[in-house]
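Text of the file work11.txt, holding compact mmCIF, C-alpha atoms:
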# COMPACT_ATOMS: atom_id res chain seq x y z
CA ARG O 119 -19.15 10.87 19.83
CA ASP O 120 -17.76 7.42 19.06
CA LEU O 121 -18.43 6.19 22.61
CA LEU O 122 -22.00 7.48 22.68
CA THR O 123 -22.78 6.12 19.20
CA ASN O 124 -21.53 2.66 20.12
CA PHE O 125 -23.38 2.76 23.44
CA LEU O 126 -26.65 3.72 21.74
CA ASP O 127 -26.20 0.98 19.14
CA ALA O 128 -25.71 -1.56 21.93
CA ALA O 129 -28.79 -0.31 23.76
CA ARG O 130 -30.86 -0.60 20.57
CA VAL O 131 -29.60 -4.14 19.87
CA LEU O 132 -30.56 -5.12 23.42
CA GLY O 133 -33.96 -3.42 23.23
CA LEU O 134 -33.07 -0.90 25.93
CA SER O 135 -33.26 2.36 23.97
CA GLY O 136 -36.14 3.59 26.12
CA GLU O 137 -34.20 3.30 29.37
CA PRO O 138 -33.14 6.53 31.13
CA LEU O 139 -29.39 6.22 30.50
CA PRO O 140 -29.61 5.63 26.73
CA MET O 141 -32.10 8.50 26.46
CA GLU O 142 -29.67 10.75 28.33
CA ALA O 143 -26.83 9.56 26.07
CA GLU O 144 -28.89 10.39 22.97
CA ARG O 145 -29.47 13.93 24.21
CA ALA O 146 -25.77 14.30 24.93
CA LEU O 147 -24.85 13.05 21.44
CA GLU O 148 -27.20 15.55 19.83
CA SER O 149 -25.52 18.39 21.72
CA LEU O 150 -21.97 17.47 20.70
CA ALA O 151 -20.40 19.75 18.10
CA MET O 152 -18.66 18.25 15.11
CA PRO O 153 -15.07 19.33 14.46
CA ARG O 154 -14.66 22.54 12.50
CA ILE O 155 -12.93 23.06 9.17
CA GLY O 156 -10.46 25.94 9.18
CA ALA O 157 -10.05 28.69 6.62
CA ASP O 158 -7.13 26.77 5.12
CA GLY O 159 -9.33 23.71 4.54
CA ARG O 160 -7.79 21.60 7.31
CA LEU O 161 -9.68 19.86 10.07
CA MET O 162 -9.14 22.04 13.14
CA GLU O 163 -7.45 20.45 16.13
CA TRP O 164 -8.93 22.97 18.57
CA ALA O 165 -12.05 25.14 18.72
CA GLU O 166 -9.93 28.17 17.79
CA PRO O 167 -7.26 28.40 15.05
CA TYR O 168 -4.27 28.47 17.36
CA GLY O 169 -0.82 28.59 15.81
CA GLU O 170 1.10 25.33 15.85
CA THR O 171 4.46 25.28 17.61
CA GLU O 172 5.30 21.95 15.95
CA PRO O 173 3.45 21.72 12.59
CA GLY O 174 4.86 18.23 11.89
CA HIS O 175 4.01 16.73 15.27
CA ARG O 176 3.66 12.93 15.31
CA HIS O 177 0.28 12.99 17.11
CA MET O 178 -2.84 13.40 14.95
CA SER O 179 -5.59 12.82 17.49
CA HIS O 180 -7.96 15.30 15.86
CA LEU O 181 -8.31 12.76 13.03
CA TYR O 182 -9.75 10.14 15.40
CA GLY O 183 -13.08 10.48 13.57
CA LEU O 184 -11.40 9.12 10.43
CA HIS O 185 -9.62 6.27 12.20
CA PRO O 186 -10.26 4.35 14.36
CA ALA O 187 -13.75 5.87 14.57
CA ALA O 188 -15.95 6.21 11.49
CA PHE O 189 -17.89 9.45 11.61
CA ILE O 190 -15.61 10.87 8.91
CA THR O 191 -15.93 8.90 5.67
CA PRO O 192 -15.40 9.78 1.99
CA ASP O 193 -19.00 8.97 1.05
CA GLY O 194 -20.83 9.94 4.26
CA SER O 195 -19.00 13.21 5.01
CA PRO O 196 -16.90 14.17 1.97
CA ASP O 197 -16.15 17.71 3.20
CA TYR O 198 -14.69 16.37 6.46
CA ALA O 199 -12.79 13.67 4.58
CA ALA O 200 -11.26 16.34 2.32
CA ALA O 201 -10.33 18.40 5.39
CA ALA O 202 -8.73 15.35 6.99
CA ARG O 203 -6.68 14.82 3.83
CA ARG O 204 -5.49 18.43 3.95
CA SER O 205 -4.47 17.94 7.58
CA LEU O 206 -2.48 14.82 6.68
CA GLU O 207 -0.75 16.53 3.78
CA PHE O 208 0.17 19.49 5.99
CA ARG O 209 1.61 17.32 8.77
CA LEU O 210 3.64 15.26 6.34
CA SER O 211 4.96 18.33 4.53
CA HIS O 212 6.33 19.52 7.88
CA GLY O 213 8.04 16.25 8.83
CA GLY O 214 5.18 14.28 10.38
CA GLY O 215 5.16 10.50 10.70
CA HIS O 216 8.73 10.36 11.95
CA THR O 217 8.09 7.60 14.51
CA GLY O 218 7.02 4.06 13.71
CA TRP O 219 3.61 4.13 15.37
CA SER O 220 2.81 7.54 13.85
CA ARG O 221 3.72 6.27 10.39
CA ALA O 222 1.54 3.19 10.95
CA TRP O 223 -1.38 5.44 11.84
CA LEU O 224 -0.86 7.26 8.53
CA VAL O 225 -1.27 3.95 6.68
CA ASN O 226 -4.67 3.51 8.33
CA PHE O 227 -5.70 7.12 7.64
CA TRP O 228 -4.91 6.82 3.94
CA ALA O 229 -6.68 3.46 3.75
CA ARG O 230 -9.83 5.02 5.22
CA LEU O 231 -9.57 7.74 2.56
CA ARG O 232 -9.35 4.94 -0.05
CA ASP O 233 -5.95 6.16 -1.15
CA GLY O 234 -3.99 2.97 -1.70
CA GLU O 235 -0.95 4.68 -3.20
CA HIS O 236 -0.32 6.92 -0.19
CA ALA O 237 -1.07 4.05 2.20
CA TYR O 238 1.47 1.87 0.42
CA ALA O 239 4.09 4.64 0.38
CA ASP O 240 3.80 5.11 4.15
CA LEU O 241 3.88 1.36 4.72
CA CYS O 242 7.14 1.19 2.76
CA ALA O 243 8.49 4.17 4.74
CA LEU O 244 7.57 2.41 7.98
CA LEU O 245 9.49 -0.70 6.97
CA ALA O 246 12.47 1.24 5.60
CA ARG O 247 12.92 3.80 8.36
CA SER O 248 11.23 2.57 11.52
CA THR O 249 11.60 -1.22 11.55
CA LEU O 250 14.50 -3.06 13.17
CA PRO O 251 16.13 -6.18 11.61
CA ASN O 252 13.99 -8.41 13.85
CA LEU O 253 10.87 -6.58 12.56
CA PHE O 254 10.28 -4.78 15.88
CA ASP O 255 8.95 -1.25 15.47
CA ASP O 256 11.74 1.26 16.17
CA HIS O 257 10.18 4.11 18.16
CA PRO O 258 13.09 4.14 19.40
CA PRO O 259 13.85 1.86 21.14
CA PHE O 260 10.71 -0.25 20.60
CA GLN O 261 6.97 0.27 20.60
CA ILE O 262 4.51 -2.46 19.65
CA ASP O 263 2.01 0.15 18.39
CA GLY O 264 3.95 0.39 15.14
CA ASN O 265 3.76 -3.36 14.55
CA PHE O 266 0.08 -3.67 15.37
CA GLY O 267 -0.68 -0.47 13.44
CA ALA O 268 1.12 -1.73 10.33
CA THR O 269 -0.77 -5.02 10.22
CA ALA O 270 -4.03 -3.18 10.90
CA GLY O 271 -3.26 -0.80 8.04
CA ILE O 272 -2.61 -3.67 5.63
CA ALA O 273 -5.95 -5.20 6.60
CA GLU O 274 -7.71 -1.82 6.15
CA MET O 275 -6.25 -1.51 2.66
CA LEU O 276 -7.87 -4.84 1.70
CA LEU O 277 -11.07 -4.89 3.74
CA GLN O 278 -13.13 -2.38 5.71
CA SER O 279 -16.40 -2.68 7.60
CA GLN O 280 -16.74 0.46 9.73
CA VAL O 281 -19.78 1.99 8.00
CA ARG O 282 -22.82 1.16 10.16
CA ILE O 283 -26.37 0.72 8.81
CA TRP O 284 -29.64 -0.08 10.56
CA SER O 285 -31.89 -2.27 8.41
CA ALA O 286 -35.24 -3.67 9.57
CA GLY O 287 -34.19 -3.29 13.20
CA HIS O 288 -30.82 -4.99 12.75
CA LEU O 289 -27.37 -3.38 12.98
CA LEU O 290 -25.23 -4.03 9.90
CA HIS O 291 -21.77 -2.99 8.86
CA ARG O 292 -21.11 -2.54 5.15
CA ILE O 293 -18.25 -4.73 3.94
CA ASP O 294 -15.91 -2.91 1.53
CA LEU O 295 -13.74 -5.13 -0.67
CA LEU O 296 -10.28 -3.86 -1.71
CA PRO O 297 -11.03 -0.26 -0.71
CA ALA O 298 -7.42 0.96 -0.94
CA LEU O 299 -5.57 -1.47 -3.19
CA PRO O 300 -2.26 0.01 -4.39
CA SER O 301 -0.96 -0.61 -7.91
CA ALA O 302 2.06 -2.39 -6.41
CA TRP O 303 -0.28 -5.16 -5.26
CA ALA O 304 -1.83 -5.66 -8.70
CA SER O 305 -2.48 -9.37 -8.12
CA GLY O 306 -2.78 -11.34 -4.92
CA SER O 307 -4.99 -12.95 -2.34
CA VAL O 308 -5.83 -12.73 1.34
CA HIS O 309 -7.61 -15.38 3.39
CA GLY O 310 -9.01 -15.26 6.90
CA LEU O 311 -9.82 -11.58 7.34
CA VAL O 312 -12.83 -10.90 9.55
CA ALA O 313 -15.30 -8.07 9.01
CA ARG O 314 -17.55 -6.78 11.75
CA GLY O 315 -20.39 -9.19 12.39
CA PRO O 316 -18.29 -11.33 12.48
CA VAL O 317 -18.13 -12.24 8.80
CA GLY O 318 -15.08 -14.15 7.50
CA VAL O 319 -13.73 -12.89 4.19
CA ASP O 320 -11.32 -14.34 1.61
CA ILE O 321 -10.38 -12.23 -1.43
CA ASP O 322 -8.52 -13.01 -4.65
CA TRP O 323 -7.69 -10.35 -7.23
CA LYS O 324 -5.77 -10.10 -10.50
CA ASP O 325 -4.53 -7.08 -12.44
CA GLY O 326 -6.18 -4.79 -9.91
CA ALA O 327 -9.64 -6.36 -10.32
CA LEU O 328 -11.62 -8.68 -8.06
CA GLU O 329 -11.45 -12.32 -9.11
CA ARG O 330 -13.35 -13.88 -6.19
CA ALA O 331 -14.63 -12.96 -2.76
CA LEU O 332 -15.91 -15.59 -0.33
CA LEU O 333 -17.87 -14.38 2.69
CA ARG O 334 -18.84 -16.66 5.57
CA SER O 335 -21.81 -15.38 7.55
CA PRO O 336 -22.40 -17.06 10.92
CA ASP O 337 -26.13 -16.46 11.14
CA GLY O 338 -27.70 -15.69 7.76
CA ARG O 339 -27.64 -11.96 8.42
CA GLU O 340 -28.27 -9.37 5.72
CA LEU O 341 -25.03 -8.43 3.99
CA ARG O 342 -24.16 -5.22 2.21
CA ILE O 343 -20.98 -5.59 0.20
CA ARG O 344 -19.28 -2.67 -1.50
CA LEU O 345 -17.45 -3.87 -4.60
CA PRO O 346 -14.10 -2.46 -5.70
CA ALA O 347 -14.25 0.79 -7.64
CA GLY O 348 -15.36 0.33 -11.25
CA MET O 349 -17.05 -3.05 -10.75
CA THR O 350 -20.70 -2.58 -11.78
CA ARG O 351 -21.73 -6.19 -12.54
CA ALA O 352 -21.21 -9.29 -10.42
CA HIS O 353 -22.00 -13.00 -10.28
CA ILE O 354 -23.56 -13.72 -6.88
CA ALA O 355 -23.76 -17.23 -5.42
CA VAL O 356 -25.58 -17.43 -2.08
CA GLU O 357 -25.46 -20.88 -0.51
CA GLY O 358 -28.76 -22.67 -1.03
CA GLN O 359 -30.08 -20.21 -3.64
CA PRO O 360 -29.95 -19.90 -7.44
CA GLU O 361 -26.86 -18.10 -8.74
CA LEU O 362 -27.36 -14.72 -10.38
CA ASP O 363 -25.56 -12.28 -12.66
CA LEU O 364 -26.59 -8.81 -11.50
CA PRO O 365 -25.95 -5.21 -12.46
CA VAL O 366 -24.65 -3.27 -9.47
CA PRO O 367 -24.85 0.37 -10.60
CA ASP O 368 -24.14 1.83 -7.16
CA GLY O 369 -21.40 -0.71 -6.43
CA VAL O 370 -23.16 -2.25 -3.40
CA VAL O 371 -24.45 -5.83 -3.41
CA ILE O 372 -27.30 -6.48 -0.95
CA VAL O 373 -27.83 -10.06 0.22
CA PRO O 374 -31.16 -10.22 2.11
CA ARG O 375 -31.42 -11.80 5.53
CA ALA O 376 -32.02 -15.56 5.43
CA ALA O 377 -35.29 -17.04 6.66
CA ALA O 378 -33.41 -18.95 9.37
CA PRO O 379 -30.37 -17.75 11.35
CA THR O 380 -28.01 -20.41 10.03
CA ALA O 381 -24.46 -20.10 8.71
CA ARG O 382 -24.06 -19.63 4.96
CA THR O 383 -21.49 -18.56 2.39
CA VAL O 384 -21.71 -15.89 -0.28
CA THR O 385 -19.37 -15.96 -3.28
CA ILE O 386 -18.86 -12.95 -5.57
CA THR O 387 -17.05 -13.19 -8.89
CA PRO O 388 -17.05 -11.02 -12.04
CA ALA O 389 -20.21 -11.43 -14.08
CA ALA O 390 -20.02 -13.19 -17.44
CA ARG O 391 -19.50 -10.68 -20.22
The structure given in the file should be rewritten as structure tokens.
Amino acid sequence: RDLLTNFLDAARVLGLSGEPLPMEAERALESLAMPRIGADGRLMEWAEPYGETEPGHRHMSHLYGLHPAAFITPDGSPDYAAAARRSLEFRLSHGGGHTGWSRAWLVNFWARLRDGEHAYADLCALLARSTLPNLFDDHPPFQIDGNFGATAGIAEMLLQSQVRIWSAGHLLHRIDLLPALPSAWASGSVHGLVARGPVGVDIDWKDGALERALLRSPDGRELRIRLPAGMTRAHIAVEGQPELDLPVPDGVVIVPRAAAPTARTVTITPAAR
């Protein structure tokens, strides 16, 4: 599903949707079944509810749709997201996540579910139980997946951009700011993250609330920016345009496409009270 979706997006961007292969891919995508939810509320790993010989197994490939793919999301498919959560809870309750790379994957799963507290707990467990003194991931003896997965998980806790949107014939990816911020990181900053696009993003926050977000768009593209939970007003400064204080009742700021495809910055801060 992920492969076909990405292929069809690429064909549409290139103006080739009417070619035979993309048309065949679209038919194939329509015929693919989504995963099933079992009677116990978990996302099923197989087409039938087979018994598990190792309930806490470190592999969780049936949650691929949650991460790294994006056809399971809390807002787009809440029932599947809830089933994914049940699957994670079940695996962990039976000893799952006992290798470094598996624990790192858990950090990314929880981040995608916007659960910063669980993501942080598994990040701490990864560092405490599966990280060597030289910071190598202890599989054992060593597996780089745990290191790359941990840094990816930290980034996912602070910034996400996997939700795809087609707008006026252009492919966009919604940019989510601080989607899974744990209480342990109440204040901080991150500079140099890159959302899909590519769009550079710097974020500063204090006491769990956004202080400033700076986005650098390379081509004046339309931007859709999901604010942190609870933020319903924002001060928007788009380079070359008047600054505005706006209500954002649905939590998503939309910056329209610029008249010319030139680089520009967008700054978001809390609106004046």
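If you measure from each of O:Pro259, O:Pro192, O:Pro297, O:Gly183 to O:Trp219 using all atoms listed in the file, the closest one turns out to be O:Pro259.
Minimum atom-to-atom distance to O:Gly218, evaluated using only C-alpha atoms, belongs to O:Thr249 out of O:Ser205, O:Thr191, O:Thr249, O:Thr385.
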May I have the protein, DNA and RNA residues with any atom at most 9 Å from the point (-28.5, 0.2, 2.5), counting all atoms listed in the file, written as a PDB file with C-alpha atoms, keeping the file's coordinate frame?
ATOM      1  CA  ILE O 283     -26.370   0.720   8.810  1.00  0.00           C
ATOM      2  CA  TRP O 284     -29.640  -0.080  10.560  1.00  0.00           C
ATOM      3  CA  SER O 285     -31.890  -2.270   8.410  1.00  0.00           C
ATOM      4  CA  ARG O 292     -21.110  -2.540   5.150  1.00  0.00           C
ATOM      5  CA  ARG O 342     -24.160  -5.220   2.210  1.00  0.00           C
ATOM      6  CA  VAL O 370     -23.160  -2.250  -3.400  1.00  0.00           C
ATOM      7  CA  ILE O 372     -27.300  -6.480  -0.950  1.00  0.00           C
TER       8      ILE O 372
END
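Taking atom CA of O:Pro167 and atom CA of O:Ala229 as endpoints, the distance between them is 27.4 Å.
Put simply, atom CA of O:Ala377 is 27.6 Å away from atom CA of O:Thr350.
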Practice prompt. Could you give me, as a VMD selection string, the residues that sit within 12 Å of (-17.9, 9.7, 22.3) in the file's coordinates, counting all atoms listed in the file?
Written response: chain O and resid 119 to 126 143 to 144 146 to 152 182 to 183 187 to 189
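Distance-wise, atom CA of O:Leu362 and atom CA of O:Pro374 end up 13.8 Å apart.
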Worksheet item: So, counting all atoms listed in the file, which residue among O:Ala327, O:Ala376, O:Pro196, O:Leu277 is closest to O:Gly310?
Response: O:Leu277
Response to the item:
The residue from O:Asp337, O:Ala270, O:Leu290, O:Ala390 with the smallest atom-to-atom distance to O:Asp363, counting all atoms listed in the file, is O:Ala390
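In terms of minimum interatomic distance to O:Arg339, O:Ala381 ranks closest within O:Val131, O:Ile321, O:Leu244, O:Ala381, counting all atoms listed in the file.
Between O:His180 and the residues O:Val371, O:Ala200, O:Leu206, O:Ala129, the shortest atom-to-atom distance, using all atoms listed in the file, involves O:Leu206.
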What's around O:Thr380 at 7 Å? Count only C-alpha atoms, leave out sequence neighbours fewer than 2 positions away in its own chain, and write the answer as a compact mmCIF listing (two decimals) with C-alpha atoms, in the frame of the given file.
# COMPACT_ATOMS: atom_id res chain seq x y z
CA PRO O 336 -22.40 -17.06 10.92
CA ASP O 337 -26.13 -16.46 11.14
CA GLY O 338 -27.70 -15.69 7.76
CA ALA O 378 -33.41 -18.95 9.37
CA ARG O 382 -24.06 -19.63 4.96
Item to complete: For O:Val225, list every protein, DNA or RNA residue within 8 Å, evaluated using only C-alpha atoms, and leave out those in the same chain fewer than 6 positions away; present the list as a VMD selection string.
Response: chain O and resid 236 to 238 240 to 241 268 271 to 272
